[in-house]
Structure formats: C-alpha cells, structure tokens
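Here is the file structure33.cif (mmCIF, C-alpha atoms).
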data_run
#
loop_
_atom_site.label_atom_id
_atom_site.label_comp_id
_atom_site.auth_asym_id
_atom_site.auth_seq_id
_atom_site.Cartn_x
_atom_site.Cartn_y
_atom_site.Cartn_z
CA ASP A 17 -77.02 -56.01 -82.81
CA GLU A 18 -77.41 -52.22 -83.13
CA ALA A 19 -78.11 -51.95 -79.40
CA SER A 20 -74.93 -53.90 -78.69
CA ASP A 21 -72.86 -51.56 -80.88
CA LEU A 22 -74.40 -48.53 -79.20
CA ALA A 23 -73.63 -49.97 -75.76
CA GLU A 24 -70.01 -50.62 -76.75
CA ALA A 25 -69.49 -47.10 -78.10
CA SER A 26 -71.25 -45.55 -75.09
CA PHE A 27 -69.06 -47.59 -72.73
CA LEU A 28 -65.94 -46.27 -74.45
CA ILE A 29 -66.98 -42.62 -74.40
CA TYR A 30 -68.03 -42.67 -70.74
CA MET A 31 -64.89 -44.49 -69.67
CA PHE A 32 -62.79 -42.04 -71.66
CA ALA A 33 -64.70 -39.17 -70.06
CA ARG A 34 -63.80 -40.53 -66.63
CA LEU A 35 -60.11 -40.52 -67.52
CA ILE A 36 -60.35 -36.93 -68.75
CA TYR A 37 -62.19 -35.97 -65.56
CA VAL A 38 -59.45 -37.52 -63.40
CA VAL A 39 -56.90 -35.28 -65.10
CA ARG A 40 -58.96 -32.09 -64.99
CA ALA A 41 -60.13 -32.55 -61.40
CA HIS A 42 -56.61 -33.27 -60.16
CA GLU A 43 -55.11 -30.33 -62.04
CA GLN A 44 -57.66 -27.98 -60.49
CA GLU A 45 -57.08 -29.36 -56.99
CA PHE A 46 -53.28 -29.32 -57.41
CA ASN A 47 -53.22 -25.75 -58.71
CA GLU A 48 -55.40 -24.54 -55.86
CA ASN A 49 -54.01 -26.55 -52.94
CA GLY A 50 -50.86 -28.34 -54.06
CA GLY A 51 -50.58 -32.04 -53.31
CA ASP A 52 -48.56 -35.23 -53.40
CA ALA A 53 -45.79 -35.13 -56.02
CA GLU A 54 -46.01 -38.85 -56.83
CA GLU A 55 -49.77 -38.61 -57.38
CA HIS A 56 -49.24 -35.54 -59.55
CA ASP A 57 -46.70 -37.44 -61.66
CA SER A 58 -49.23 -40.26 -62.21
CA VAL A 59 -51.88 -37.83 -63.41
CA GLU A 60 -49.40 -36.03 -65.64
CA SER A 61 -48.57 -39.40 -67.20
CA ILE A 62 -52.27 -40.07 -67.89
CA SER A 63 -52.61 -36.57 -69.36
CA ALA A 64 -49.62 -37.13 -71.65
CA ALA A 65 -51.08 -40.44 -72.85
CA LEU A 66 -54.41 -38.78 -73.66
CA LYS A 67 -52.73 -35.90 -75.47
CA GLU A 68 -51.03 -38.37 -77.81
CA LEU A 69 -54.50 -39.21 -79.14
CA GLU A 70 -55.45 -35.58 -79.84
CA SER A 71 -55.79 -33.58 -83.01
CA SER A 72 -57.42 -30.16 -83.46
CA ILE A 73 -60.23 -29.56 -85.96
CA ASP A 74 -62.79 -26.89 -86.82
CA ASN A 75 -60.52 -23.86 -86.45
CA GLY A 76 -59.09 -25.25 -83.24
CA SER A 77 -62.37 -25.07 -81.31
CA VAL A 78 -62.78 -28.86 -81.18
CA ILE A 79 -60.27 -31.38 -79.84
CA MET A 80 -60.74 -34.73 -81.56
CA ARG A 81 -59.29 -37.84 -79.96
CA LYS A 82 -59.30 -41.05 -81.96
CA PHE A 83 -58.56 -44.18 -79.98
CA THR A 84 -58.99 -47.95 -79.92
CA PRO A 85 -59.93 -50.21 -76.98
CA ARG A 86 -56.31 -51.43 -76.96
CA GLN A 87 -54.98 -47.91 -76.43
CA ILE A 88 -57.35 -47.32 -73.52
CA GLU A 89 -56.43 -50.71 -72.07
CA THR A 90 -52.78 -49.64 -72.09
CA ILE A 91 -53.54 -46.40 -70.24
CA VAL A 92 -55.61 -48.20 -67.58
CA LYS A 93 -52.98 -50.94 -67.11
CA ASN A 94 -50.12 -48.45 -66.85
CA HIS A 95 -51.97 -46.44 -64.19
CA PHE A 96 -53.96 -49.22 -62.53
CA ASP A 97 -52.87 -48.58 -58.92
CA TYR A 98 -53.48 -44.85 -59.13
CA LEU A 99 -56.92 -45.22 -60.74
CA LYS A 100 -57.90 -47.83 -58.15
CA SER A 101 -57.13 -45.45 -55.29
CA SER A 102 -58.26 -42.16 -56.87
CA GLU A 103 -61.38 -40.53 -55.44
CA ASN A 104 -61.89 -38.87 -58.83
CA PHE A 105 -62.16 -42.19 -60.68
CA ASP A 106 -65.45 -43.85 -59.77
CA MET A 107 -64.98 -47.00 -61.87
CA ASN A 108 -63.38 -50.34 -61.01
CA PRO A 109 -60.19 -50.57 -63.11
CA GLN A 110 -60.28 -54.37 -63.22
CA SER A 111 -63.89 -54.40 -64.43
CA LEU A 112 -62.89 -51.93 -67.12
CA LEU A 113 -60.03 -54.15 -68.25
CA ASP A 114 -62.35 -57.16 -68.36
CA SER A 115 -64.84 -55.25 -70.54
CA LEU A 116 -62.10 -53.90 -72.79
CA ALA A 117 -60.72 -57.42 -73.25
CA LYS A 118 -64.07 -58.53 -74.70
CA LEU A 119 -63.96 -55.69 -77.23
CA ILE A 120 -60.35 -56.40 -78.13
CA GLU A 121 -61.15 -60.09 -78.71
CA ARG A 122 -63.25 -59.27 -81.76
CA VAL A 123 -60.63 -57.01 -83.36
CA PRO A 124 -58.71 -58.92 -86.10
CA ALA A 125 -54.96 -59.07 -85.55
CA ASP A 126 -54.35 -57.61 -89.01
CA GLN A 127 -56.79 -54.72 -88.41
CA PRO A 128 -55.74 -53.12 -85.09
CA ASN A 129 -57.75 -49.97 -85.84
CA ALA A 130 -60.92 -51.78 -86.90
CA LEU A 131 -62.78 -50.56 -83.82
CA THR A 132 -62.21 -46.90 -82.96
CA LEU A 133 -63.99 -44.08 -81.18
CA HIS A 134 -63.72 -40.47 -82.31
CA ASP A 135 -64.30 -38.29 -79.24
CA TYR A 136 -65.06 -34.61 -79.89
CA ASP A 137 -64.23 -32.56 -76.79
CA ASP A 138 -65.37 -29.04 -77.51
CA ILE A 139 -63.65 -26.23 -75.61
CA TYR A 140 -67.19 -24.84 -75.18
CA GLN A 141 -68.44 -28.05 -73.57
CA THR A 142 -69.95 -26.22 -70.56
CA ASP A 143 -72.50 -24.72 -72.97
CA GLU A 144 -72.60 -27.07 -75.95
CA LEU A 145 -73.44 -30.67 -76.69
CA VAL A 146 -70.55 -33.15 -76.41
CA TYR A 147 -70.59 -36.14 -78.73
CA ALA A 148 -68.54 -39.03 -80.08
CA ILE A 149 -68.64 -41.23 -83.17
CA GLY A 150 -67.80 -44.92 -83.08
CA LYS A 151 -66.37 -46.58 -86.21
CA ASP A 152 -66.58 -50.36 -86.56
CA ASP A 153 -64.83 -51.70 -89.67
CA ILE A 154 -65.80 -55.27 -88.77
CA LYS A 155 -69.57 -54.67 -88.85
CA LYS A 156 -69.29 -51.76 -91.32
CA ARG A 157 -71.11 -49.43 -88.96
CA ILE A 158 -70.75 -45.86 -87.73
CA THR A 159 -72.47 -45.00 -84.43
CA LEU A 160 -73.19 -41.50 -83.12
CA ILE A 161 -73.29 -41.05 -79.34
CA LEU A 162 -74.53 -37.87 -77.69
CA ARG A 163 -73.28 -37.44 -74.14
CA GLY A 164 -76.04 -37.44 -71.53
CA THR A 165 -76.11 -35.78 -68.12
CA GLU A 166 -72.57 -35.57 -66.75
CA SER A 167 -72.57 -34.78 -63.03
CA HIS A 168 -68.77 -34.47 -62.76
CA SER A 169 -68.18 -31.88 -65.47
CA GLY A 170 -68.56 -28.13 -65.45
CA SER A 171 -71.56 -28.58 -67.71
CA ALA A 172 -73.67 -30.39 -65.07
CA TRP A 173 -76.13 -27.52 -64.58
CA SER A 174 -76.48 -27.03 -68.35
CA ASN A 175 -77.14 -30.77 -68.78
CA TRP A 176 -79.87 -30.88 -66.13
CA ALA A 177 -81.52 -27.70 -67.40
CA THR A 178 -81.73 -29.43 -70.77
CA ASN A 179 -83.22 -32.57 -69.19
CA LEU A 180 -85.95 -30.58 -67.47
CA SER A 181 -87.08 -28.89 -70.70
CA VAL A 182 -89.65 -31.63 -71.24
CA TRP A 183 -92.14 -29.96 -73.58
CA LYS A 184 -91.91 -30.64 -77.32
CA THR A 185 -91.00 -28.37 -80.21
CA GLU A 186 -92.32 -28.82 -83.76
CA VAL A 187 -89.54 -28.49 -86.33
CA PRO A 188 -89.26 -29.06 -90.10
CA VAL A 189 -87.78 -32.40 -91.14
CA PRO A 190 -84.05 -31.75 -91.79
CA PRO A 191 -83.01 -32.16 -95.47
CA ILE A 192 -80.65 -35.03 -94.63
CA THR A 193 -83.54 -36.85 -92.93
CA LYS A 194 -85.92 -36.21 -95.85
CA GLU A 195 -83.36 -37.81 -98.16
CA ALA A 196 -83.29 -40.91 -95.95
CA LEU A 197 -87.11 -41.08 -95.90
CA GLU A 198 -87.50 -40.68 -99.66
CA GLY A 199 -89.48 -43.50 -101.21
CA GLY A 200 -90.64 -44.86 -97.86
CA PRO A 201 -94.00 -44.71 -96.05
CA ASN A 202 -93.01 -41.47 -94.28
CA SER A 203 -91.61 -39.67 -97.33
CA ASP A 204 -94.32 -37.00 -97.15
CA MET A 205 -93.52 -36.10 -93.52
CA GLU A 206 -93.02 -32.35 -93.19
CA SER A 207 -92.34 -31.87 -89.48
CA LEU A 208 -91.21 -33.61 -86.30
CA TRP A 209 -92.01 -33.12 -82.61
CA ILE A 210 -88.80 -33.15 -80.59
CA HIS A 211 -88.07 -32.90 -76.84
CA SER A 212 -87.39 -29.17 -76.42
CA GLY A 213 -84.30 -29.62 -74.25
CA PHE A 214 -82.78 -32.01 -76.80
CA TYR A 215 -83.72 -29.71 -79.67
CA ASN A 216 -82.18 -26.66 -78.00
CA TYR A 217 -79.00 -28.61 -77.31
CA VAL A 218 -78.58 -30.09 -80.79
CA TYR A 219 -79.76 -27.10 -82.83
CA ALA A 220 -78.14 -24.35 -80.77
CA THR A 221 -75.68 -22.22 -82.71
CA THR A 222 -72.03 -22.94 -81.95
CA LYS A 223 -70.04 -20.62 -79.69
CA ASN A 224 -67.00 -20.51 -81.94
CA GLU A 225 -66.70 -16.98 -83.34
CA LYS A 226 -64.94 -18.36 -86.43
CA ASP A 227 -68.04 -20.33 -87.44
CA GLU A 228 -70.75 -18.87 -89.63
CA ALA A 229 -73.33 -17.08 -87.49
CA ASP A 230 -76.03 -19.68 -88.16
CA THR A 231 -73.84 -22.78 -87.74
CA THR A 232 -75.48 -25.21 -85.30
CA LYS A 233 -74.12 -28.16 -83.36
CA PHE A 234 -76.21 -30.35 -85.67
CA ASP A 235 -74.33 -28.91 -88.66
CA GLU A 236 -71.00 -29.68 -86.98
CA ILE A 237 -72.01 -33.26 -86.19
CA VAL A 238 -73.29 -33.90 -89.72
CA GLN A 239 -70.05 -32.53 -91.14
CA GLN A 240 -67.95 -34.92 -89.03
CA LEU A 241 -70.24 -37.83 -89.96
CA LYS A 242 -69.87 -37.01 -93.65
CA ILE A 243 -66.09 -36.98 -93.34
CA LEU A 244 -66.09 -40.41 -91.69
CA CYS A 245 -68.56 -41.81 -94.23
CA GLU A 246 -66.44 -40.54 -97.12
CA GLU A 247 -63.32 -42.04 -95.57
CA ASN A 248 -65.14 -45.32 -94.94
CA PRO A 249 -67.51 -45.94 -97.89
#
With the file now loaded, output its structure as structure tokens.
Amino acid sequence: DEASDLAEASFLIYMFARLIYVVRAHEQEFNENGGDAEEHDSVESISAALKELESSIDNGSVIMRKFTPRQIETIVKNHFDYLKSSENFDMNPQSLLDSLAKLIERVPADQPNALTLHDYDDIYQTDELVYAIGKDDIKKRITLILRGTESHSGSAWSNWATNLSVWKTEVPVPPITKEALEGGPNSDMESLWIHSGFYNYVYATTKNEKDEADTTKFDEIVQQLKILCEENP
C-alpha cells in the first residue's frame, strides 16, 4: 500500500516536471531562435495554467505549486495535440490521461482536493535538491518524494555527480529520527551510515542568502512537512 502511494506521488511529480520542462525548453529555444507563433501560444497557455497553481514561500526562494490529478488532467487535455507533437515532451499524452483517470476515480466527489501534490521548485534547483510532498486525505498519508536524476534539467550534471558519490558517511541520528525511534528496538542508535552523495544533497546548506547560515535542505523539508502535518492532523 505504501509502495502504491509512493508510485502515485512519484508519477505526479515526474509528469509535472515534464510539463515544466516543455515550457522552459521552448522559452529558451524561442528566445534564442524565434519560432512558430501558434506553437509559442500553446506553450504560453501551458505556462499560464501552471502559474495559476503557484505560490511563493521561504522568502521567495521557493515556488510551491499545489495541484490535484484533475487539474493536471485539464492541462493535458487542453494541450493534447501540442504535447503529442512536441519533441520536448517525451510522454504519451493518452497514457498520462489513462493513468490520471485511475487516480481521479478514487477521489470522492465531495472532496475534490483529497489527493494533492505540493511541488517545491527551488530557484536554486541546479545546485539543490528538488522535492515534492504528496497529501492523501483518503488514506490519511503524507508522502515525501525526492527528485532523482533529471537528464533534461540544468541540474543534470549535479544530479549525476551526486549519484557517483557512492561511499558512505557516518552521521549522528537526527533529533526528529531519534524521537521516532524512542521506545523501539533501535532507540539507542547513535549514528547512521548514509550514501555520501545523498547526504551531501540533503544536508547541504541552502543557497538562499536570507536563510540562516547553517540552514540545510533537510531543515527546509522538515519545516514544510511540519506545516502539512499541522494542517492535516
């Protein structure tokens, strides 16, 4: 059941990432070389639809988009022909709609926002970890998804450098983890061995100059999780 929820949330974040990539790639190509006006209008329409889902948090350094499967279905349906023909969109739009329909089926009619994904698109994403948080009111579950290697984004080299850092780093058990372990068989655990690339990505200090000097990406993620947990006890 947990694996199914993780797969659903991962599907949503990667599909959403593809839509964002379509917009960014086209804008770069159009600004450099010009292009077809009708195609440009289609991409501008997608961009406008995505912007409607945005809100700015953390001193403006993070763009948070909160959306439901139904909202993404609407964007794909409204731009189906363009997405089907776009070289920048490497997914089958009809397959996406079929998958979205299965998610939408389990959303109660009286709870249209029961299944949502909170996507955190950091303006420093070429250097920092990108993540999303899925909220499922039906199963009473919050799922954290950390974006893996993304070959289409400007962060591709950073992602692969992280992947290749395969040695492990010993780190103290974080306080929030110690609280979760309290009373269990591993309550006396003092340290963990973590993949160095993953550790460096998650525990790197944030690039935002408005943050405290020792603020890490882990701190930012925990803060957003706490907000969602408080809003959804």
>> Could you list, as JSON, numbers by chain, every residue within 8 Å of range 35-49 of chain A, counting only C-alpha atoms and ignoring same-chain residues fewer than 3 positions away?
In response: {"A": [31, 32, 56, 59, 60, 62, 63, 66, 104, 105, 168, 169]}
Dump as a Markdown table the rows for residues of range 74-110 of chain A within 12 Å of range 119-123 of chain A: closest atom pair and distance in Å with one decimal, all atoms listed in the file counted, ordered by chain and rising residue number.
| residue | atom | partner | partner_atom | distance |
| --- | --- | --- | --- | --- |
| A:Thr84 | CA | A:Ile120 | CA | 8.7 |
| A:Pro85 | CA | A:Ile120 | CA | 6.3 |
| A:Arg86 | CA | A:Ile120 | CA | 6.5 |
| A:Gln87 | CA | A:Ile120 | CA | 10.2 |
| A:Ile88 | CA | A:Ile120 | CA | 10.6 |
| A:Glu89 | CA | A:Ile120 | CA | 9.2 |
| A:Thr90 | CA | A:Ile120 | CA | 11.8 |
>> Could you tell me how far CA of Pro249 in chain A sits from CA of Gly200 in chain A, in Å to one decimal place?
In response: 23.2 Å
Which neighbours of Ala25 in chain A fall inside 12 Å, counting only C-alpha atoms, when residues of the same chain fewer than 2 positions from it are skipped, and could you give them as a tab-separated table (two decimals) with C-alpha atoms, keeping the file's coordinate frame?
chain	number	residue	atom	x	y	z
A	18	GLU	CA	-77.41	-52.22	-83.13
A	19	ALA	CA	-78.11	-51.95	-79.40
A	20	SER	CA	-74.93	-53.90	-78.69
A	21	ASP	CA	-72.86	-51.56	-80.88
A	22	LEU	CA	-74.40	-48.53	-79.20
A	23	ALA	CA	-73.63	-49.97	-75.76
A	27	PHE	CA	-69.06	-47.59	-72.73
A	28	LEU	CA	-65.94	-46.27	-74.45
A	29	ILE	CA	-66.98	-42.62	-74.40
A	30	TYR	CA	-68.03	-42.67	-70.74
A	31	MET	CA	-64.89	-44.49	-69.67
A	32	PHE	CA	-62.79	-42.04	-71.66
A	83	PHE	CA	-58.56	-44.18	-79.98
A	84	THR	CA	-58.99	-47.95	-79.92
A	85	PRO	CA	-59.93	-50.21	-76.98
A	116	LEU	CA	-62.10	-53.90	-72.79
A	119	LEU	CA	-63.96	-55.69	-77.23
A	131	LEU	CA	-62.78	-50.56	-83.82
A	132	THR	CA	-62.21	-46.90	-82.96
A	133	LEU	CA	-63.99	-44.08	-81.18
A	134	HIS	CA	-63.72	-40.47	-82.31
A	135	ASP	CA	-64.30	-38.29	-79.24
A	147	TYR	CA	-70.59	-36.14	-78.73
A	148	ALA	CA	-68.54	-39.03	-80.08
A	149	ILE	CA	-68.64	-41.23	-83.17
A	150	GLY	CA	-67.80	-44.92	-83.08
A	151	LYS	CA	-66.37	-46.58	-86.21
A	152	ASP	CA	-66.58	-50.36	-86.56
A	157	ARG	CA	-71.11	-49.43	-88.96
A	158	ILE	CA	-70.75	-45.86	-87.73
A	159	THR	CA	-72.47	-45.00	-84.43
A	160	LEU	CA	-73.19	-41.50	-83.12
A	161	ILE	CA	-73.29	-41.05	-79.34
A	162	LEU	CA	-74.53	-37.87	-77.69
A	163	ARG	CA	-73.28	-37.44	-74.14
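For the choices A:Glu186, A:Glu228, A:Glu246, A:Glu198, the atom-to-atom distance to Ile210 in chain A is smallest for A:Glu186 when using only C-alpha atoms.
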>> If we count only C-alpha atoms and set the cut-off at 9 Å, which residues sit around Asn248 in chain A, ignoring sequence neighbours fewer than 2 positions away in its own chain? Please answer as JSON, numbers by chain.
In response: {"A": [151, 153, 156, 243, 244, 245, 246]}
>> Expand the PyMOL selection byres ((chain A and resi 218) around 8) into the explicit residue set it covers here, and present it as a PyMOL selection string.
In response: chain A and resi 145+214-217+219-220+232-234
I want to know what sits within 12 Å of Ser101 in chain A, based on only C-alpha atoms, with residues of the same chain fewer than 5 positions away left out; could you give that as a PDB file with C-alpha atoms, keeping the file's coordinate frame?
ATOM      1  CA  VAL A  38     -59.450 -37.520 -63.400  1.00  0.00           C
ATOM      2  CA  GLU A  55     -49.770 -38.610 -57.380  1.00  0.00           C
ATOM      3  CA  SER A  58     -49.230 -40.260 -62.210  1.00  0.00           C
ATOM      4  CA  HIS A  95     -51.970 -46.440 -64.190  1.00  0.00           C
ATOM      5  CA  PHE A  96     -53.960 -49.220 -62.530  1.00  0.00           C
ATOM      6  CA  ASP A 106     -65.450 -43.850 -59.770  1.00  0.00           C
ATOM      7  CA  MET A 107     -64.980 -47.000 -61.870  1.00  0.00           C
ATOM      8  CA  ASN A 108     -63.380 -50.340 -61.010  1.00  0.00           C
ATOM      9  CA  PRO A 109     -60.190 -50.570 -63.110  1.00  0.00           C
TER      10      PRO A 109
END
> Just how far from CA of Ala65 in chain A is CA of Val92 in chain A, in Å to one decimal?
Replying inline: 10.4 Å
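CA of Leu208 in chain A is positioned 9.5 Å from CA of Lys184 in chain A.
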> Restricting the calculation to all atoms listed in the file, which member of A:Leu197, A:Ile91, A:Lys242, A:Ser26 is positioned closest to Ala64 in chain A?
Replying inline: A:Ile91
> Which residue gives the smallest distance to Lys82 in chain A among A:Glu225, A:Tyr136, A:Gln240, A:Lys100, with all atoms listed in the file counted?
Replying inline: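 Residue with the minimum atom-to-atom distance to Lys82 in chain A: A:Tyr136.
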Using only the atoms of range 96-113 of chain A listed in the file, plus 8 Å on each side, state the axis-aligned box centre and edge lengths in Å rounded to one decimal, as lines of an AutoDock Vina configuration file.
center_x = -59.2
center_y = -46.6
center_z = -61.8
size_x = 28.6
size_y = 31.5
size_z = 29.0
> Residues around (-86.2, -33.6, -89.5), cut-off 10 Å, counting only C-alpha atoms - what are they as a list in words?
Replying inline: Glu186, Val187, Pro188, Val189, Pro190, Pro191, Ile192, Thr193, Lys194, Leu197, Met205, Glu206, Ser207, Leu208, Trp209 and Ile210 of chain A
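Distances from A:Leu69, A:Ala196, A:Ile154, A:Ala33 to Arg81 in chain A were compared using all atoms listed in the file, and the smallest one belongs to A:Leu69.
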